[in-house]
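Reading through the structure tokens given below for one structure.
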Amino acid sequence: MSETLTRGVRIKVASRYLPERSNPLQPLYFFTYHVAIQNEGDQPVRLMNRYWRIRDAYGRVEEVRGPGVVGQQPRLQAGESFEYDSFCPLPTEFGSMEGSYEMHYDDGESFEAAIDSFYLISPQAVN
């Protein structure tokens with residue numbers, strides 16, 4: 001799990017291994033992650049873009065960039081939150097993710113809300 005606070009935007013992420021979608025013989029290890037974004041600031045913010053850096057157990061890195069999250073660019077009033085689930089397939093039993101969200105205030109000012117590193121770990125990796 002990770003938790004980060006940047007300019008009043010708190011981001012929490014928790015991951016989980018999905019054995020029913022995984023096939024170690026391929027090898028394919030499937031993980032989901034749940035993200036909770038809370039606006040603890042005093043003005044509205046909109047999540048415009050996402051950036052993820054995904055690393056597998058071999059040290060290979062994949063970078064993912066795109067607009068919004070799960071097809072949305074949520075706008076959060078002060079005190080509001082937004083949650084979503086997504087997934088990440090890996091060719092190894094464990095890996096990690098980290099990244100950021102590009103956030104915009106109504107006046108056009110923007111900033112990068114950091115997402116601290118969190119791990120993607122299958123039970124096979126800890127046995």
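Chain labels follow the order of the structure tokens: the first chain is A, the next B, and so on; residue numbering restarts at 1 in every chain, and ligands are counted from 1 in their shown order.
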Could you pull the residues within 9 Å of region 14-25 of chain A, counting only C-alpha atoms, minus those fewer than 2 positions along the same chain, as an MDAnalysis selection string? chainID A and resid 1:2 12 27:36 87 89 91:93 118:123
Writing out the chosen residues with N, CA, C and O atoms as an mmCIF file, in the first residue's frame:
data_model
loop_
_atom_site.group_PDB
_atom_site.id
_atom_site.type_symbol
_atom_site.label_atom_id
_atom_site.label_comp_id
_atom_site.auth_asym_id
_atom_site.auth_seq_id
_atom_site.Cartn_x
_atom_site.Cartn_y
_atom_site.Cartn_z
ATOM 1 N N MET A 1 0.844 -1.181 0.000
ATOM 2 C CA MET A 1 0.000 0.000 0.000
ATOM 3 C C MET A 1 0.888 1.243 0.000
ATOM 4 O O MET A 1 1.984 1.235 0.530
ATOM 5 N N SER A 2 0.388 2.302 -0.602
ATOM 6 C CA SER A 2 1.105 3.576 -0.542
ATOM 7 C C SER A 2 0.109 4.683 -0.228
ATOM 8 O O SER A 2 -1.089 4.558 -0.485
ATOM 9 N N LYS A 12 -4.180 7.251 -2.031
ATOM 10 C CA LYS A 12 -3.902 5.959 -1.408
ATOM 11 C C LYS A 12 -4.097 4.875 -2.457
ATOM 12 O O LYS A 12 -5.073 4.910 -3.213
ATOM 13 N N PRO A 27 4.522 -16.939 -18.768
ATOM 14 C CA PRO A 27 4.023 -16.563 -17.454
ATOM 15 C C PRO A 27 3.221 -15.249 -17.507
ATOM 16 O O PRO A 27 3.614 -14.291 -18.188
ATOM 17 N N LEU A 28 2.106 -15.228 -16.771
ATOM 18 C CA LEU A 28 1.271 -14.040 -16.654
ATOM 19 C C LEU A 28 0.748 -13.954 -15.227
ATOM 20 O O LEU A 28 0.118 -14.896 -14.741
ATOM 21 N N TYR A 29 1.040 -12.850 -14.582
ATOM 22 C CA TYR A 29 0.587 -12.592 -13.216
ATOM 23 C C TYR A 29 -0.263 -11.324 -13.265
ATOM 24 O O TYR A 29 0.199 -10.284 -13.734
ATOM 25 N N PHE A 30 -1.493 -11.444 -12.796
ATOM 26 C CA PHE A 30 -2.466 -10.369 -12.957
ATOM 27 C C PHE A 30 -2.755 -9.733 -11.596
ATOM 28 O O PHE A 30 -3.075 -10.433 -10.633
ATOM 29 N N PHE A 31 -2.652 -8.416 -11.535
ATOM 30 C CA PHE A 31 -2.859 -7.673 -10.292
ATOM 31 C C PHE A 31 -3.915 -6.590 -10.508
ATOM 32 O O PHE A 31 -4.022 -6.017 -11.592
ATOM 33 N N THR A 32 -4.683 -6.318 -9.481
ATOM 34 C CA THR A 32 -5.572 -5.163 -9.490
ATOM 35 C C THR A 32 -5.040 -4.176 -8.459
ATOM 36 O O THR A 32 -4.304 -4.552 -7.536
ATOM 37 N N TYR A 33 -5.419 -2.935 -8.624
ATOM 38 C CA TYR A 33 -5.090 -1.938 -7.606
ATOM 39 C C TYR A 33 -6.263 -0.989 -7.452
ATOM 40 O O TYR A 33 -6.962 -0.670 -8.402
ATOM 41 N N HIS A 34 -6.485 -0.602 -6.207
ATOM 42 C CA HIS A 34 -7.576 0.300 -5.852
ATOM 43 C C HIS A 34 -6.967 1.647 -5.475
ATOM 44 O O HIS A 34 -6.055 1.707 -4.645
ATOM 45 N N VAL A 35 -7.475 2.716 -6.104
ATOM 46 C CA VAL A 35 -6.957 4.065 -5.853
ATOM 47 C C VAL A 35 -8.053 4.911 -5.221
ATOM 48 O O VAL A 35 -9.188 4.920 -5.697
ATOM 49 N N ALA A 36 -7.704 5.601 -4.136
ATOM 50 C CA ALA A 36 -8.597 6.570 -3.505
ATOM 51 C C ALA A 36 -7.906 7.929 -3.543
ATOM 52 O O ALA A 36 -6.779 8.073 -3.063
ATOM 53 N N PHE A 87 -6.060 -2.420 -13.289
ATOM 54 C CA PHE A 87 -5.298 -3.661 -13.264
ATOM 55 C C PHE A 87 -3.944 -3.489 -13.937
ATOM 56 O O PHE A 87 -3.715 -2.530 -14.675
ATOM 57 N N PRO A 89 -1.122 -6.401 -15.665
ATOM 58 C CA PRO A 89 -0.537 -7.725 -15.880
ATOM 59 C C PRO A 89 0.990 -7.614 -15.902
ATOM 60 O O PRO A 89 1.533 -6.642 -16.404
ATOM 61 N N PRO A 91 4.771 -10.099 -16.391
ATOM 62 C CA PRO A 91 5.336 -11.398 -16.766
ATOM 63 C C PRO A 91 6.137 -12.033 -15.621
ATOM 64 O O PRO A 91 6.712 -13.100 -15.793
ATOM 65 N N THR A 92 6.177 -11.375 -14.465
ATOM 66 C CA THR A 92 6.931 -11.873 -13.313
ATOM 67 C C THR A 92 6.036 -11.903 -12.078
ATOM 68 O O THR A 92 5.002 -11.246 -12.027
ATOM 69 N N GLU A 93 6.468 -12.661 -11.054
ATOM 70 C CA GLU A 93 5.682 -12.862 -9.839
ATOM 71 C C GLU A 93 5.542 -11.607 -8.986
ATOM 72 O O GLU A 93 4.692 -11.555 -8.111
ATOM 73 N N PHE A 118 4.301 1.308 -4.855
ATOM 74 C CA PHE A 118 3.630 0.206 -4.171
ATOM 75 C C PHE A 118 3.978 -1.078 -4.913
ATOM 76 O O PHE A 118 4.365 -1.056 -6.079
ATOM 77 N N TYR A 119 3.844 -2.212 -4.199
ATOM 78 C CA TYR A 119 4.290 -3.485 -4.759
ATOM 79 C C TYR A 119 3.140 -4.308 -5.293
ATOM 80 O O TYR A 119 2.010 -4.244 -4.802
ATOM 81 N N LEU A 120 3.444 -5.079 -6.329
ATOM 82 C CA LEU A 120 2.557 -6.078 -6.900
ATOM 83 C C LEU A 120 3.231 -7.410 -6.609
ATOM 84 O O LEU A 120 4.305 -7.693 -7.165
ATOM 85 N N ILE A 121 2.647 -8.199 -5.711
ATOM 86 C CA ILE A 121 3.323 -9.424 -5.248
ATOM 87 C C ILE A 121 2.335 -10.594 -5.254
ATOM 88 O O ILE A 121 1.271 -10.517 -4.636
ATOM 89 N N SER A 122 2.702 -11.663 -5.944
ATOM 90 C CA SER A 122 1.895 -12.875 -5.931
ATOM 91 C C SER A 122 2.318 -13.751 -4.748
ATOM 92 O O SER A 122 3.453 -13.629 -4.270
ATOM 93 N N PRO A 123 1.455 -14.645 -4.286
ATOM 94 C CA PRO A 123 1.838 -15.543 -3.180
ATOM 95 C C PRO A 123 3.052 -16.405 -3.532
ATOM 96 O O PRO A 123 3.853 -16.739 -2.659
#
So that I can check the secondary structure, give me every residue of chain A assigned strand (DSSP E) by backbone DSSP, as a ChimeraX atom specification. /A:2-6,9-17,29-39,45-56,61-67,75-76,81-90,94-105,110-121
When you count only C-alpha atoms, which of these residues is closest to Gly99 (chain A): A:Gln73, A:Asn49, A:Gln124, A:Gln43? A:Asn49
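The coordinates place CA of Ser86 (chain A) at 24.3 Å from CA of Arg7 (chain A).
Considering only C-alpha atoms, the residue among A:Pro74, A:Gly95, A:Gly66, A:Gly59 positioned nearest to Leu47 (chain A) is A:Pro74.
CA of Glu3 (chain A) is found 19.5 Å from CA of Gly68 (chain A).
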Between A:Met97, A:Cys88, A:Val126, A:Ile115, which has the minimum distance to Leu5 (chain A) (counting only C-alpha atoms)? A:Ile115
